[in-house]
>>> print(open('query.cif').read())   # mmCIF, C-alpha atoms and all ligand atoms; chains and numbers go by the auth columns
data_run
loop_
_atom_site.group_PDB
_atom_site.id
_atom_site.type_symbol
_atom_site.label_atom_id
_atom_site.label_comp_id
_atom_site.label_asym_id
_atom_site.label_seq_id
_atom_site.Cartn_x
_atom_site.Cartn_y
_atom_site.Cartn_z
_atom_site.B_iso_or_equiv
_atom_site.auth_seq_id
_atom_site.auth_asym_id
ATOM 1 C CA MET A 1 0.000 0.000 0.000 0.00 1 P
ATOM 2 C CA LYS A 2 1.983 2.949 -1.341 0.00 2 P
ATOM 3 C CA VAL A 3 0.401 5.675 0.778 0.00 3 P
ATOM 4 C CA LEU A 4 1.240 3.645 3.888 0.00 4 P
ATOM 5 C CA GLU A 5 4.847 3.015 2.817 0.00 5 P
ATOM 6 C CA GLU A 6 5.279 6.739 2.114 0.00 6 P
ATOM 7 C CA ARG A 7 3.957 7.624 5.542 0.00 7 P
ATOM 8 C CA ILE A 8 6.293 5.129 7.215 0.00 8 P
ATOM 9 C CA ARG A 9 9.237 6.675 5.327 0.00 9 P
ATOM 10 C CA GLN A 10 8.192 10.181 6.365 0.00 10 P
ATOM 11 C CA GLU A 11 7.143 9.650 9.972 0.00 11 P
ATOM 12 C CA GLY A 12 8.387 6.246 11.113 0.00 12 P
ATOM 13 C CA LEU A 13 11.146 6.341 13.695 0.00 13 P
ATOM 14 C CA ILE A 14 13.563 3.451 13.366 0.00 14 P
ATOM 15 C CA LEU A 15 14.780 2.910 16.898 0.00 15 P
ATOM 16 C CA SER A 16 17.031 -0.055 16.091 0.00 16 P
ATOM 17 C CA ASP A 17 17.310 -2.647 13.325 0.00 17 P
ATOM 18 C CA LYS A 18 14.221 -4.287 14.874 0.00 18 P
ATOM 19 C CA VAL A 19 11.892 -1.625 16.285 0.00 19 P
ATOM 20 C CA LEU A 20 9.874 0.854 14.241 0.00 20 P
ATOM 21 C CA LYS A 21 7.872 3.533 16.028 0.00 21 P
ATOM 22 C CA VAL A 22 4.761 4.731 14.226 0.00 22 P
ATOM 23 C CA ASP A 23 3.107 6.519 17.125 0.00 23 P
ATOM 24 C CA SER A 24 2.290 9.679 15.190 0.00 24 P
ATOM 25 C CA PHE A 25 -0.193 8.051 12.784 0.00 25 P
ATOM 26 C CA LEU A 26 -0.828 4.350 13.519 0.00 26 P
ATOM 27 C CA ASN A 27 -0.693 3.187 17.091 0.00 27 P
ATOM 28 C CA HIS A 28 -0.772 6.018 19.567 0.00 28 P
ATOM 29 C CA GLN A 29 -2.229 8.973 17.686 0.00 29 P
ATOM 30 C CA VAL A 30 -4.259 7.446 14.868 0.00 30 P
ATOM 31 C CA ASP A 31 -4.798 9.047 11.443 0.00 31 P
ATOM 32 C CA THR A 32 -8.454 8.105 11.071 0.00 32 P
ATOM 33 C CA GLU A 33 -8.589 8.655 7.309 0.00 33 P
ATOM 34 C CA LEU A 34 -5.580 6.373 6.817 0.00 34 P
ATOM 35 C CA ALA A 35 -7.086 3.781 9.192 0.00 35 P
ATOM 36 C CA LEU A 36 -10.296 3.711 7.119 0.00 36 P
ATOM 37 C CA ALA A 37 -8.249 3.413 3.902 0.00 37 P
ATOM 38 C CA ILE A 38 -6.441 0.454 5.485 0.00 38 P
ATOM 39 C CA GLY A 39 -9.853 -1.110 6.126 0.00 39 P
ATOM 40 C CA GLN A 40 -10.729 -0.663 2.442 0.00 40 P
ATOM 41 C CA GLU A 41 -7.439 -2.265 1.414 0.00 41 P
ATOM 42 C CA PHE A 42 -8.224 -5.302 3.583 0.00 42 P
ATOM 43 C CA LYS A 43 -11.606 -5.443 1.833 0.00 43 P
ATOM 44 C CA ARG A 44 -9.864 -5.359 -1.561 0.00 44 P
ATOM 45 C CA ILE A 45 -7.648 -8.284 -0.531 0.00 45 P
ATOM 46 C CA PHE A 46 -10.066 -10.425 1.499 0.00 46 P
ATOM 47 C CA GLY A 47 -13.507 -9.185 0.384 0.00 47 P
ATOM 48 C CA HIS A 48 -14.166 -12.168 -1.906 0.00 48 P
ATOM 49 C CA LEU A 49 -14.148 -14.487 1.132 0.00 49 P
ATOM 50 C CA PRO A 50 -17.330 -15.193 3.167 0.00 50 P
ATOM 51 C CA ILE A 51 -16.022 -13.496 6.333 0.00 51 P
ATOM 52 C CA THR A 52 -18.457 -13.243 9.252 0.00 52 P
ATOM 53 C CA LYS A 53 -16.170 -11.724 11.890 0.00 53 P
ATOM 54 C CA ILE A 54 -12.894 -9.864 12.345 0.00 54 P
ATOM 55 C CA LEU A 55 -10.662 -10.782 15.283 0.00 55 P
ATOM 56 C CA THR A 56 -7.785 -8.835 16.814 0.00 56 P
ATOM 57 C CA VAL A 57 -5.951 -8.415 20.148 0.00 57 P
ATOM 58 C CA GLU A 58 -6.166 -5.303 22.302 0.00 58 P
ATOM 59 C CA ALA A 59 -4.888 -2.616 22.165 0.00 59 P
ATOM 60 C CA SER A 60 -3.338 -1.426 18.928 0.00 60 P
ATOM 61 C CA GLY A 61 -5.067 -3.865 16.589 0.00 61 P
ATOM 62 C CA ILE A 62 -8.472 -2.431 17.457 0.00 62 P
ATOM 63 C CA GLN A 63 -8.598 0.569 15.106 0.00 63 P
ATOM 64 C CA PHE A 64 -7.685 -1.590 12.082 0.00 64 P
ATOM 65 C CA ALA A 65 -10.099 -4.370 13.021 0.00 65 P
ATOM 66 C CA MET A 66 -12.804 -1.735 13.277 0.00 66 P
ATOM 67 C CA ALA A 67 -11.841 -0.236 9.910 0.00 67 P
ATOM 68 C CA ALA A 68 -11.905 -3.690 8.286 0.00 68 P
ATOM 69 C CA GLY A 69 -15.236 -4.426 9.959 0.00 69 P
ATOM 70 C CA ILE A 70 -16.710 -1.207 8.601 0.00 70 P
ATOM 71 C CA ALA A 71 -15.404 -1.983 5.086 0.00 71 P
ATOM 72 C CA LEU A 72 -16.660 -5.587 5.129 0.00 72 P
ATOM 73 C CA GLY A 73 -19.893 -4.897 7.015 0.00 73 P
ATOM 74 C CA VAL A 74 -19.193 -7.374 9.829 0.00 74 P
ATOM 75 C CA PRO A 75 -18.514 -7.058 13.588 0.00 75 P
ATOM 76 C CA PHE A 76 -15.083 -7.270 15.121 0.00 76 P
ATOM 77 C CA ILE A 77 -13.993 -8.787 18.424 0.00 77 P
ATOM 78 C CA TYR A 78 -10.845 -7.923 20.305 0.00 78 P
ATOM 79 C CA ALA A 79 -9.263 -10.543 22.507 0.00 79 P
ATOM 80 C CA LYS A 80 -8.477 -9.285 25.989 0.00 80 P
ATOM 81 C CA LYS A 81 -5.085 -9.695 27.574 0.00 81 P
ATOM 82 C CA ARG A 82 -4.551 -10.604 31.170 0.00 82 P
ATOM 83 C CA LYS A 83 -1.769 -11.958 33.302 0.00 83 P
ATOM 84 C CA ALA A 84 -3.844 -14.167 35.573 0.00 84 P
ATOM 85 C CA VAL A 85 -5.222 -17.468 34.338 0.00 85 P
ATOM 86 C CA THR A 86 -8.311 -17.314 36.561 0.00 86 P
ATOM 87 C CA LEU A 87 -11.187 -16.759 34.203 0.00 87 P
ATOM 88 C CA SER A 88 -14.705 -16.440 35.516 0.00 88 P
ATOM 89 C CA GLU A 89 -17.017 -16.609 32.482 0.00 89 P
ATOM 90 C CA ALA A 90 -16.926 -19.106 29.668 0.00 90 P
ATOM 91 C CA VAL A 91 -14.030 -18.001 27.480 0.00 91 P
ATOM 92 C CA TYR A 92 -11.705 -19.405 24.890 0.00 92 P
ATOM 93 C CA SER A 93 -8.136 -18.588 25.845 0.00 93 P
ATOM 94 C CA ALA A 94 -4.567 -19.165 24.740 0.00 94 P
ATOM 95 C CA PRO A 95 -1.178 -18.465 26.312 0.00 95 P
ATOM 96 C CA VAL A 96 1.116 -15.994 24.528 0.00 96 P
ATOM 97 C CA HIS A 97 4.779 -15.368 25.146 0.00 97 P
ATOM 98 C CA SER A 98 5.852 -11.774 24.558 0.00 98 P
ATOM 99 C CA PHE A 99 9.430 -11.768 23.335 0.00 99 P
ATOM 100 C CA THR A 100 9.848 -8.031 23.747 0.00 100 P
ATOM 101 C CA ARG A 101 8.656 -8.066 27.359 0.00 101 P
ATOM 102 C CA GLN A 102 9.934 -11.544 28.226 0.00 102 P
ATOM 103 C CA GLU A 103 6.682 -12.496 29.923 0.00 103 P
ATOM 104 C CA ASP A 104 3.681 -14.716 29.371 0.00 104 P
ATOM 105 C CA TYR A 105 0.096 -13.578 29.275 0.00 105 P
ATOM 106 C CA GLN A 106 -3.312 -14.990 28.344 0.00 106 P
ATOM 107 C CA ILE A 107 -5.554 -13.764 25.570 0.00 107 P
ATOM 108 C CA SER A 108 -9.223 -14.600 25.788 0.00 108 P
ATOM 109 C CA ILE A 109 -12.574 -14.000 24.165 0.00 109 P
ATOM 110 C CA SER A 110 -16.047 -14.870 25.378 0.00 110 P
ATOM 111 C CA GLN A 111 -17.528 -18.072 23.979 0.00 111 P
ATOM 112 C CA LYS A 112 -20.704 -16.091 23.321 0.00 112 P
ATOM 113 C CA TYR A 113 -19.202 -14.319 20.339 0.00 113 P
ATOM 114 C CA LEU A 114 -17.364 -16.997 18.367 0.00 114 P
ATOM 115 C CA GLY A 115 -18.500 -20.434 17.238 0.00 115 P
ATOM 116 C CA PRO A 116 -18.481 -23.095 14.510 0.00 116 P
ATOM 117 C CA ALA A 117 -20.538 -20.971 12.100 0.00 117 P
ATOM 118 C CA ASP A 118 -17.914 -18.205 12.022 0.00 118 P
ATOM 119 C CA LYS A 119 -15.441 -17.521 9.234 0.00 119 P
ATOM 120 C CA VAL A 120 -12.768 -15.257 10.599 0.00 120 P
ATOM 121 C CA LEU A 121 -10.343 -12.656 9.305 0.00 121 P
ATOM 122 C CA VAL A 122 -7.624 -11.793 11.834 0.00 122 P
ATOM 123 C CA VAL A 123 -6.262 -8.236 11.680 0.00 123 P
ATOM 124 C CA ASP A 124 -3.333 -6.699 13.570 0.00 124 P
ATOM 125 C CA ASP A 125 -1.020 -3.705 13.443 0.00 125 P
ATOM 126 C CA PHE A 126 2.352 -5.502 13.445 0.00 126 P
ATOM 127 C CA LEU A 127 3.442 -8.920 12.273 0.00 127 P
ATOM 128 C CA ALA A 128 6.683 -9.494 14.194 0.00 128 P
ATOM 129 C CA THR A 129 7.265 -12.731 16.103 0.00 129 P
ATOM 130 C CA GLY A 130 3.678 -13.746 15.428 0.00 130 P
ATOM 131 C CA ALA A 131 3.164 -15.020 18.985 0.00 131 P
ATOM 132 C CA ALA A 132 -0.127 -13.217 19.588 0.00 132 P
ATOM 133 C CA LEU A 133 -1.454 -14.187 16.149 0.00 133 P
ATOM 134 C CA VAL A 134 -0.642 -17.847 16.733 0.00 134 P
ATOM 135 C CA GLY A 135 -2.599 -17.529 20.018 0.00 135 P
ATOM 136 C CA LEU A 136 -5.574 -16.128 18.093 0.00 136 P
ATOM 137 C CA ALA A 137 -5.341 -18.978 15.571 0.00 137 P
ATOM 138 C CA ASP A 138 -5.470 -21.426 18.513 0.00 138 P
ATOM 139 C CA ILE A 139 -8.571 -19.714 19.906 0.00 139 P
ATOM 140 C CA ILE A 140 -10.299 -19.861 16.503 0.00 140 P
ATOM 141 C CA GLU A 141 -9.524 -23.578 16.303 0.00 141 P
ATOM 142 C CA GLU A 142 -10.813 -24.156 19.832 0.00 142 P
ATOM 143 C CA ALA A 143 -14.071 -22.390 18.914 0.00 143 P
ATOM 144 C CA GLY A 144 -14.497 -24.633 15.868 0.00 144 P
ATOM 145 C CA ALA A 145 -14.540 -21.543 13.663 0.00 145 P
ATOM 146 C CA GLU A 146 -12.652 -21.229 10.374 0.00 146 P
ATOM 147 C CA LEU A 147 -9.670 -18.903 9.896 0.00 147 P
ATOM 148 C CA LEU A 148 -9.798 -17.496 6.360 0.00 148 P
ATOM 149 C CA GLY A 149 -6.840 -15.135 6.538 0.00 149 P
ATOM 150 C CA VAL A 150 -4.545 -12.855 8.507 0.00 150 P
ATOM 151 C CA GLY A 151 -4.130 -9.220 7.470 0.00 151 P
ATOM 152 C CA CYS A 152 -1.406 -7.089 9.064 0.00 152 P
ATOM 153 C CA VAL A 153 -0.712 -3.426 8.553 0.00 153 P
ATOM 154 C CA ILE A 154 3.093 -3.621 8.887 0.00 154 P
ATOM 155 C CA GLU A 155 5.117 -6.794 8.547 0.00 155 P
ATOM 156 C CA LYS A 156 8.723 -7.003 9.642 0.00 156 P
ATOM 157 C CA SER A 157 9.582 -9.714 7.155 0.00 157 P
ATOM 158 C CA PHE A 158 12.979 -10.328 8.747 0.00 158 P
ATOM 159 C CA GLN A 159 11.240 -11.710 11.850 0.00 159 P
ATOM 160 C CA GLU A 160 9.691 -15.160 12.097 0.00 160 P
ATOM 161 C CA GLY A 161 5.949 -14.344 12.298 0.00 161 P
ATOM 162 C CA ARG A 162 4.972 -14.908 8.661 0.00 162 P
ATOM 163 C CA GLY A 163 6.822 -18.226 8.554 0.00 163 P
ATOM 164 C CA LEU A 164 5.074 -19.463 11.701 0.00 164 P
ATOM 165 C CA LEU A 165 1.640 -18.636 10.300 0.00 165 P
ATOM 166 C CA GLU A 166 2.364 -20.065 6.838 0.00 166 P
ATOM 167 C CA GLN A 167 3.556 -23.307 8.451 0.00 167 P
ATOM 168 C CA ARG A 168 0.005 -23.665 9.728 0.00 168 P
ATOM 169 C CA GLY A 169 -1.372 -23.132 6.236 0.00 169 P
ATOM 170 C CA ILE A 170 -2.656 -19.643 7.026 0.00 170 P
ATOM 171 C CA ASN A 171 -3.196 -17.113 4.217 0.00 171 P
ATOM 172 C CA VAL A 172 -1.167 -13.991 5.251 0.00 172 P
ATOM 173 C CA HIS A 173 -1.248 -10.519 3.650 0.00 173 P
ATOM 174 C CA SER A 174 0.523 -7.432 4.961 0.00 174 P
ATOM 175 C CA LEU A 175 0.069 -3.935 3.575 0.00 175 P
ATOM 176 C CA ALA A 176 3.692 -2.826 4.065 0.00 176 P
ATOM 177 C CA ARG A 177 6.444 -5.436 4.221 0.00 177 P
ATOM 178 C CA ILE A 178 9.784 -4.349 5.612 0.00 178 P
ATOM 179 C CA ALA A 179 12.707 -6.375 4.282 0.00 179 P
ATOM 180 C CA SER A 180 15.258 -4.570 6.433 0.00 180 P
ATOM 181 C CA MET A 181 15.795 -1.315 8.268 0.00 181 P
ATOM 182 C CA VAL A 182 18.494 0.629 10.063 0.00 182 P
ATOM 183 C CA PRO A 183 18.115 4.152 11.444 0.00 183 P
ATOM 184 C CA GLY A 184 17.768 6.447 8.429 0.00 184 P
ATOM 185 C CA GLU A 185 17.108 3.684 5.899 0.00 185 P
ATOM 186 C CA ILE A 186 14.206 1.329 5.248 0.00 186 P
ATOM 187 C CA HIS A 187 13.624 -1.231 2.494 0.00 187 P
ATOM 188 C CA PHE A 188 10.202 -2.548 1.553 0.00 188 P
ATOM 189 C CA ILE A 189 9.420 -5.776 -0.272 0.00 189 P
ATOM 190 C CA ASP A 190 7.445 -5.067 -3.447 0.00 190 P
ATOM 191 C CA ASN A 191 3.806 -5.839 -2.772 0.00 191 P
ATOM 192 C CA ASP A 192 0.969 -6.385 -5.233 0.00 192 P
ATOM 193 C CA SER A 193 -1.065 -3.847 -3.297 0.00 193 P
ATOM 194 C CA THR A 194 -2.382 -0.419 -4.198 0.00 194 P
HETATM 195 P P1 LIG B . 3.922 -10.419 18.841 0.00 201 X
HETATM 196 O O1 LIG B . 4.620 -10.658 17.533 0.00 201 X
HETATM 197 O O2 LIG B . 3.135 -11.568 19.283 0.00 201 X
HETATM 198 O O3 LIG B . 3.114 -9.163 18.819 0.00 201 X
HETATM 199 O O4 LIG B . 4.988 -10.301 20.008 0.00 201 X
HETATM 200 P P2 LIG B . 6.242 -9.384 20.149 0.00 201 X
HETATM 201 O O5 LIG B . 6.789 -9.715 21.492 0.00 201 X
HETATM 202 O O6 LIG B . 7.082 -9.536 18.948 0.00 201 X
HETATM 203 O O7 LIG B . 5.667 -7.910 20.182 0.00 201 X
HETATM 204 C C1 LIG B . 5.193 -7.314 21.381 0.00 201 X
HETATM 205 C C2 LIG B . 4.370 -6.065 21.098 0.00 201 X
HETATM 206 O O8 LIG B . 5.145 -5.121 20.342 0.00 201 X
HETATM 207 C C3 LIG B . 3.131 -6.309 20.270 0.00 201 X
HETATM 208 O O9 LIG B . 2.169 -5.397 20.718 0.00 201 X
HETATM 209 C C4 LIG B . 3.572 -5.984 18.848 0.00 201 X
HETATM 210 O O10 LIG B . 2.497 -5.608 18.026 0.00 201 X
HETATM 211 C C5 LIG B . 4.495 -4.844 19.099 0.00 201 X
HETATM 212 N N1 LIG B . 5.546 -4.664 18.113 0.00 201 X
HETATM 213 C C6 LIG B . 6.369 -5.609 17.588 0.00 201 X
HETATM 214 N N2 LIG B . 7.280 -5.039 16.803 0.00 201 X
HETATM 215 C C7 LIG B . 7.019 -3.706 16.814 0.00 201 X
HETATM 216 C C8 LIG B . 7.617 -2.582 16.179 0.00 201 X
HETATM 217 O O11 LIG B . 8.602 -2.675 15.432 0.00 201 X
HETATM 218 N N3 LIG B . 7.062 -1.369 16.446 0.00 201 X
HETATM 219 C C9 LIG B . 5.984 -1.198 17.269 0.00 201 X
HETATM 220 N N4 LIG B . 5.510 0.044 17.430 0.00 201 X
HETATM 221 N N5 LIG B . 5.389 -2.245 17.878 0.00 201 X
HETATM 222 C C10 LIG B . 5.915 -3.472 17.643 0.00 201 X
HETATM 223 P P3 LIG B . 1.238 -5.852 21.866 0.00 201 X
HETATM 224 O O12 LIG B . 2.015 -6.446 22.998 0.00 201 X
HETATM 225 O O13 LIG B . 0.225 -6.763 21.271 0.00 201 X
HETATM 226 O O14 LIG B . 0.611 -4.621 22.496 0.00 201 X
HETATM 227 P P4 LIG B . -0.319 -3.471 21.938 0.00 201 X
HETATM 228 O O15 LIG B . 0.633 -2.415 21.559 0.00 201 X
HETATM 229 O O16 LIG B . -1.082 -3.969 20.773 0.00 201 X
HETATM 230 O O17 LIG B . -1.156 -3.138 23.095 0.00 201 X
HETATM 231 NA NA NA B . -0.772 -5.437 18.350 0.00 202 X
HETATM 232 NA NA NA B . 1.529 -3.111 19.432 0.00 203 X
#
>>> encode(input="query.cif", output="structure tokens")
Amino acid sequence: MKVLEERIRQEGLILSDKVLKVDSFLNHQVDTELALAIGQEFKRIFGHLPITKILTVEASGIQFAMAAGIALGVPFIYAKKRKAVTLSEAVYSAPVHSFTRQEDYQISISQKYLGPADKVLVVDDFLATGAALVGLADIIEEAGAELLGVGCVIEKSFQEGRGLLEQRGINVHSLARIASMVPGEIHFIDNDST
């Protein structure tokens, strides 16, 4: 998505060869027009599929799941994160290991909102290690729902996330794919996107 790549070049802060800060327009302050355009791009890519629900993880996947939900005319659900494993209501849950924070947490969603009739598109802001997305894929499996695809806004292609998802046969599309970066320089993989 060219407009997204341009924005990353202009405003992205490359903090190291691994961490890109996009707080000014994607995941702290949010450019709402860009977020809605991202939703339309997910519709262009996944709109031919019979999606019934979008799934993401709180917090910074929410605005893109909402944008995709608006574009596709379906609801979205965000999985909640918690440290404790004590869960009161009936939920599906999966453990996730955060590599950046070196800690484990649980993601969960209520069993009321996902079931065998659902065909799911997963949306997130970053595809990095893929740990949270693998957790979501586990939850979808547990619910007996079908995972039709994963759409990420920014993929750091030099990390292992895409490989982990593809190993499970998951259809992955990212709108901006970073091949490599160092402060002052960023290289994107050519994408067949708009
Ligand atoms: P993940 O791949 O499962 O997300 O795990 P990882 O430990 O790699 O990443 C931890 C958090 O950092 C995730 O957010 C992820 O989206 C985010 N992240 C990974 N790489 C980058 C990056 O280069 N830049 C920025 N800005 N974020 C990155 P999270 O823990 O799910 O939290 P939230 O921010 O969504 O609340
Ligand atoms: Na996220
Ligand atoms: Na994040």
>>> resolve_selection(input="query.cif", expression="the PyMOL selection byres (((chain P and resi 140-142) around 12) and not hetatm)", output="ChimeraX atom specification")
/P:53-56,77,79,91-94,107-111,113-122,133-139,143-149,168
>>> write_last_selection(input="query.cif", atoms="C-alpha atoms", output="tab-separated table (two decimals), in the frame of the given file")
chain	number	residue	atom	x	y	z
P	53	LYS	CA	-16.17	-11.72	11.89
P	54	ILE	CA	-12.89	-9.86	12.34
P	55	LEU	CA	-10.66	-10.78	15.28
P	56	THR	CA	-7.78	-8.84	16.81
P	77	ILE	CA	-13.99	-8.79	18.42
P	79	ALA	CA	-9.26	-10.54	22.51
P	91	VAL	CA	-14.03	-18.00	27.48
P	92	TYR	CA	-11.70	-19.40	24.89
P	93	SER	CA	-8.14	-18.59	25.84
P	94	ALA	CA	-4.57	-19.16	24.74
P	107	ILE	CA	-5.55	-13.76	25.57
P	108	SER	CA	-9.22	-14.60	25.79
P	109	ILE	CA	-12.57	-14.00	24.16
P	110	SER	CA	-16.05	-14.87	25.38
P	111	GLN	CA	-17.53	-18.07	23.98
P	113	TYR	CA	-19.20	-14.32	20.34
P	114	LEU	CA	-17.36	-17.00	18.37
P	115	GLY	CA	-18.50	-20.43	17.24
P	116	PRO	CA	-18.48	-23.10	14.51
P	117	ALA	CA	-20.54	-20.97	12.10
P	118	ASP	CA	-17.91	-18.20	12.02
P	119	LYS	CA	-15.44	-17.52	9.23
P	120	VAL	CA	-12.77	-15.26	10.60
P	121	LEU	CA	-10.34	-12.66	9.30
P	122	VAL	CA	-7.62	-11.79	11.83
P	133	LEU	CA	-1.45	-14.19	16.15
P	134	VAL	CA	-0.64	-17.85	16.73
P	135	GLY	CA	-2.60	-17.53	20.02
P	136	LEU	CA	-5.57	-16.13	18.09
P	137	ALA	CA	-5.34	-18.98	15.57
P	138	ASP	CA	-5.47	-21.43	18.51
P	139	ILE	CA	-8.57	-19.71	19.91
P	143	ALA	CA	-14.07	-22.39	18.91
P	144	GLY	CA	-14.50	-24.63	15.87
P	145	ALA	CA	-14.54	-21.54	13.66
P	146	GLU	CA	-12.65	-21.23	10.37
P	147	LEU	CA	-9.67	-18.90	9.90
P	148	LEU	CA	-9.80	-17.50	6.36
P	149	GLY	CA	-6.84	-15.14	6.54
P	168	ARG	CA	0.00	-23.66	9.73
>>> residues_near_ligand(input="query.cif", ligand="ligand LIG 201 (chain X)", cutoff="6 Å", atoms="all atoms listed in the file", output="list in words")
Lys18, Val19, Leu20, Lys21, Val22, Glu58, Ala59, Ser60, Gly61, Ser98, Phe99, Thr100, Phe126, Leu127, Ala128, Thr129, Gly130, Ala131 and Ala132 of chain P
>>> axis_aligned_box(input="query.cif", around="segment 100-115 of chain P", padding_each_side="4 Å", output="AutoDock Vina command-line options")
--center_x -5.4 --center_y -14.2 --center_z 23.6 --size_x 38.6 --size_y 20.4 --size_z 20.7
>>> resolve_selection(input="query.cif", expression="the PyMOL selection byres (((chain P and resi 27-37) around 9) and not hetatm)", output="ChimeraX atom specification")
/P:3-4,21-26,38-42,59-61,63-64,66-68,70-71,125
>>> closest_residue(input="query.cif", among="P:Val74, P:Ile178, P:Gly151, P:Pro183", to="Ile45 of chain P", atoms="only C-alpha atoms")
P:Gly151
>>> closest_residue(input="query.cif", among="P:Val57, P:Leu49, P:Leu175, P:Ile154", to="ligand NA 202 (chain X)", atoms="only C-alpha atoms and all ligand atoms")
P:Val57
>>> atom_distance(input="query.cif", atom1="atom CA of Tyr105 of chain P", atom2="atom CA of Gln159 of chain P")
20.8 Å
>>> closest_residue(input="query.cif", among="P:Leu72, P:Thr52, P:Val153, P:Arg7", to="ligand NA 202 (chain X)", atoms="all atoms listed in the file")
P:Val153
>>> closest_residue(input="query.cif", among="P:Lys112, P:Gln167, P:Ala65, P:Gln102", to="Ala90 of chain P", atoms="all atoms listed in the file")
P:Lys112
>>> atom_distance(input="query.cif", atom1="atom CA of Gly47 of chain P", atom2="atom CA of Leu164 of chain P")
24.1 Å
>>> build_atoms(input="query.cif", residues="segment 32-45 of chain P", atoms="N, CA and C atoms", output="mmCIF file, in the coordinates of the input")
data_model
loop_
_atom_site.group_PDB
_atom_site.id
_atom_site.type_symbol
_atom_site.label_atom_id
_atom_site.label_comp_id
_atom_site.auth_asym_id
_atom_site.auth_seq_id
_atom_site.Cartn_x
_atom_site.Cartn_y
_atom_site.Cartn_z
ATOM 1 N N THR P 32 -7.209 8.852 11.276
ATOM 2 C CA THR P 32 -8.454 8.105 11.071
ATOM 3 C C THR P 32 -8.740 7.862 9.586
ATOM 4 N N GLU P 33 -8.357 8.826 8.744
ATOM 5 C CA GLU P 33 -8.589 8.655 7.309
ATOM 6 C C GLU P 33 -7.723 7.509 6.776
ATOM 7 N N LEU P 34 -6.472 7.469 7.220
ATOM 8 C CA LEU P 34 -5.580 6.373 6.817
ATOM 9 C C LEU P 34 -6.103 5.038 7.359
ATOM 10 N N ALA P 35 -6.569 5.029 8.611
ATOM 11 C CA ALA P 35 -7.086 3.781 9.192
ATOM 12 C C ALA P 35 -8.264 3.252 8.362
ATOM 13 N N LEU P 36 -9.158 4.159 7.930
ATOM 14 C CA LEU P 36 -10.296 3.711 7.119
ATOM 15 C C LEU P 36 -9.839 3.217 5.748
ATOM 16 N N ALA P 37 -8.807 3.860 5.185
ATOM 17 C CA ALA P 37 -8.249 3.413 3.902
ATOM 18 C C ALA P 37 -7.621 2.022 4.051
ATOM 19 N N ILE P 38 -7.010 1.778 5.194
ATOM 20 C CA ILE P 38 -6.441 0.454 5.485
ATOM 21 C C ILE P 38 -7.564 -0.588 5.531
ATOM 22 N N GLY P 39 -8.687 -0.218 6.116
ATOM 23 C CA GLY P 39 -9.853 -1.110 6.126
ATOM 24 C C GLY P 39 -10.314 -1.445 4.710
ATOM 25 N N GLN P 40 -10.328 -0.448 3.847
ATOM 26 C CA GLN P 40 -10.729 -0.663 2.442
ATOM 27 C C GLN P 40 -9.739 -1.570 1.719
ATOM 28 N N GLU P 41 -8.466 -1.420 2.040
ATOM 29 C CA GLU P 41 -7.439 -2.265 1.414
ATOM 30 C C GLU P 41 -7.621 -3.726 1.857
ATOM 31 N N PHE P 42 -7.946 -3.934 3.132
ATOM 32 C CA PHE P 42 -8.224 -5.302 3.583
ATOM 33 C C PHE P 42 -9.452 -5.856 2.854
ATOM 34 N N LYS P 43 -10.435 -4.994 2.599
ATOM 35 C CA LYS P 43 -11.606 -5.443 1.833
ATOM 36 C C LYS P 43 -11.199 -5.842 0.404
ATOM 37 N N ARG P 44 -10.304 -5.047 -0.198
ATOM 38 C CA ARG P 44 -9.864 -5.359 -1.561
ATOM 39 C C ARG P 44 -9.180 -6.737 -1.599
ATOM 40 N N ILE P 45 -8.408 -7.035 -0.566
ATOM 41 C CA ILE P 45 -7.648 -8.284 -0.531
ATOM 42 C C ILE P 45 -8.516 -9.485 -0.114
#
